[in-house]
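Below is one structure, written out as structure tokens, with a few remarks after it.
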Amino acid sequence: QVQLVESGGGLVQAGGSLRLSCAASGSTVSSYAMGWFRQAPGKEREFVASVSWSGFTTYYADSVKGRFTISRDNAKNTVYLQMNSLKPEDTAVYYCAADSSRLNTIASMALDYWDYWGQGTQVTVSS
């Protein structure tokens, strides 16, 4: 069983940056695909980014491409989401996810692709 705990959320002005972290415990996730999703008030949870076990393959939603970067440190059992040039529409609860299979970039956009979820961290971007 894998437990995921997100951190790093907060309040930031538009144009600012934040780095989210997702620490895994209970089992090593070094061979897992990892991902980030977000859910804004009144909206469905949506895909943000995913990364393969090695970190060599990444995939992004069009809305964050060029602004967000997903990465991982397998030695620390942690995945990161660096968010730059933040916009008010990036305001949401951000969730970390893990899957024990090899990353399928297109399939990773679906909620049911993922085996494990964190509790989320709030990101608020003010205008």
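Each chain in the structure tokens gets a letter, A, B and so on, in the order shown; residues start at 1 in every chain, and ligands are counted from 1 in the order they appear.
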Just want the 6 Å neighbourhood of range 90-106 of chain A, counted on only C-alpha atoms, with same-chain residues fewer than 6 positions away dropped. Output as a tab-separated table (two decimals) with N, CA and C atoms, in the first residue's frame.
```tsv
chain	number	residue	atom	x	y	z
A	32	TYR	N	7.19	3.28	-10.17
A	32	TYR	CA	5.83	3.70	-10.47
A	32	TYR	C	5.81	4.92	-11.38
A	33	ALA	N	4.79	4.99	-12.21
A	33	ALA	CA	4.45	6.25	-12.85
A	33	ALA	C	3.81	7.15	-11.80
A	34	MET	N	4.07	8.47	-11.92
A	34	MET	CA	3.52	9.43	-10.98
A	34	MET	C	2.85	10.56	-11.75
A	35	GLY	N	1.86	11.18	-11.11
A	35	GLY	CA	1.15	12.24	-11.80
A	35	GLY	C	0.60	13.29	-10.87
A	36	TRP	N	0.21	14.39	-11.47
A	36	TRP	CA	-0.46	15.47	-10.74
A	36	TRP	C	-1.78	15.79	-11.44
A	37	PHE	N	-2.81	16.01	-10.63
A	37	PHE	CA	-4.11	16.45	-11.08
A	37	PHE	C	-4.51	17.66	-10.26
A	38	ARG	N	-5.55	18.34	-10.68
A	38	ARG	CA	-6.08	19.45	-9.90
A	38	ARG	C	-7.58	19.53	-10.04
A	39	GLN	N	-8.20	20.13	-9.02
A	39	GLN	CA	-9.65	20.30	-9.02
A	39	GLN	C	-10.00	21.66	-8.49
A	40	ALA	N	-10.60	22.46	-9.34
A	40	ALA	CA	-11.07	23.79	-8.96
A	40	ALA	C	-12.49	23.68	-8.42
A	52	SER	N	7.29	9.26	-16.03
A	52	SER	CA	7.63	7.84	-15.96
A	52	SER	C	8.51	7.56	-14.76
A	114	TRP	N	-5.06	5.64	-12.33
A	114	TRP	CA	-4.17	5.72	-11.16
A	114	TRP	C	-4.65	4.86	-10.01
A	115	ASP	N	-3.67	4.22	-9.34
A	115	ASP	CA	-3.98	3.31	-8.24
A	115	ASP	C	-4.11	4.03	-6.90
A	116	TYR	N	-3.29	5.06	-6.71
A	116	TYR	CA	-3.21	5.71	-5.40
A	116	TYR	C	-3.30	7.22	-5.55
A	117	TRP	N	-3.90	7.85	-4.53
A	117	TRP	CA	-4.10	9.29	-4.53
A	117	TRP	C	-3.71	9.88	-3.18
A	118	GLY	N	-3.19	11.11	-3.22
A	118	GLY	CA	-2.99	11.87	-2.00
A	118	GLY	C	-4.23	12.65	-1.62
A	120	GLY	N	-4.32	16.00	-1.25
A	120	GLY	CA	-4.38	17.28	-1.95
A	120	GLY	C	-3.78	18.44	-1.16
A	121	THR	N	-3.35	19.44	-1.89
A	121	THR	CA	-2.84	20.68	-1.29
A	121	THR	C	-3.42	21.86	-2.07
A	122	GLN	N	-3.85	22.88	-1.33
A	122	GLN	CA	-4.53	24.02	-1.96
A	122	GLN	C	-3.53	25.00	-2.55
A	123	VAL	N	-3.77	25.39	-3.79
A	123	VAL	CA	-3.01	26.45	-4.45
A	123	VAL	C	-3.99	27.55	-4.83
A	124	THR	N	-3.71	28.76	-4.37
A	124	THR	CA	-4.55	29.91	-4.67
A	124	THR	C	-3.70	30.99	-5.32
A	125	VAL	N	-4.11	31.42	-6.50
A	125	VAL	CA	-3.38	32.46	-7.24
A	125	VAL	C	-4.26	33.70	-7.30
```
Cut-off 6 Å: closest range 62-96 of chain A/range 17-24 of chain A atom pairs per residue, using only C-alpha atoms, as a tab-separated table:
```
residue	atom	partner	partner_atom	distance
A:Asn77	CA	A:Ala24	CA	5.6
A:Thr78	CA	A:Ala23	CA	4.5
A:Val79	CA	A:Cys22	CA	5.2
A:Tyr80	CA	A:Ser21	CA	4.6
A:Leu81	CA	A:Leu20	CA	5.0
A:Gln82	CA	A:Arg19	CA	4.4
A:Met83	CA	A:Leu18	CA	5.2
A:Asn84	CA	A:Ser17	CA	4.4
```
Handout entry: Option closest in space to Tyr60 in chain A, from A:Ser108, A:Gln13, A:Val5, A:Ser25 [counting only C-alpha atoms]
Key =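 Among the listed residues, A:Ser108 lies closest to Tyr60 in chain A.
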Exercise for the section: Select, from A:Thr69, A:Asn74, A:Ser126, A:Thr58, the residue with the minimum atom-to-atom distance to Leu86 in chain A, counting only C-alpha atoms. Expected result: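 Of all the options, A:Ser126 lies closest to Leu86 in chain A.
Pairwise distance (CA of Glu89 in chain A, CA of Arg72 in chain A) equals 25.1 Å.
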With DSSP run on the backbone, what are the helix (DSSP H, G or I) residues within range 20-123 of chain A? I'd like them as a PDB file with C-alpha atoms, in the first residue's frame.
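What follows is the written file selection.pdb:
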```pdb
ATOM      1  CA  PRO A  88      -5.668  32.856 -11.317  1.00  0.00           C
ATOM      2  CA  GLU A  89      -7.158  29.973 -13.307  1.00  0.00           C
ATOM      3  CA  ASP A  90      -4.503  27.686 -11.804  1.00  0.00           C
ATOM      4  CA  ALA A 107      -4.026   6.884 -20.614  1.00  0.00           C
ATOM      5  CA  SER A 108      -2.487   8.775 -17.678  1.00  0.00           C
ATOM      6  CA  MET A 109      -4.883  11.650 -18.355  1.00  0.00           C
ATOM      7  CA  LEU A 111      -8.619   9.415 -13.322  1.00  0.00           C
ATOM      8  CA  ASP A 112      -9.143   5.671 -13.292  1.00  0.00           C
ATOM      9  CA  TYR A 113      -5.616   5.035 -14.609  1.00  0.00           C
TER      10      TYR A 113
END
```
Practice task
For each of A:Leu11, A:Leu4, A:Val29, A:Ile70, take the minimum atom-to-atom distance to Val51 in chain A, counting only C-alpha atoms, then give the residue where this is smallest.
Solution key: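 Ranked by minimum distance to Val51 in chain A, first place goes to A:Ile70.
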Exercise for the section: Mind the document's chain letters and residue numbers, and return as a count of residues only the residues of chain A that DSSP labels strand (DSSP E). Expected result: 61
Exercise for the section: Rank A:Ala49, A:Gln3, A:Gly26, A:Lys43 by their smallest atom-to-atom distance to Ala110 in chain A, using only C-alpha atoms, and report the top residue only. Expected result: A:Ala49
Exercise for the section: Name the closest residue to Ser31 in chain A among the candidates A:Val12, A:Trp53, A:Asp62, A:Phe68; distances are taken between atoms, counting only C-alpha atoms. Expected result: A:Trp53
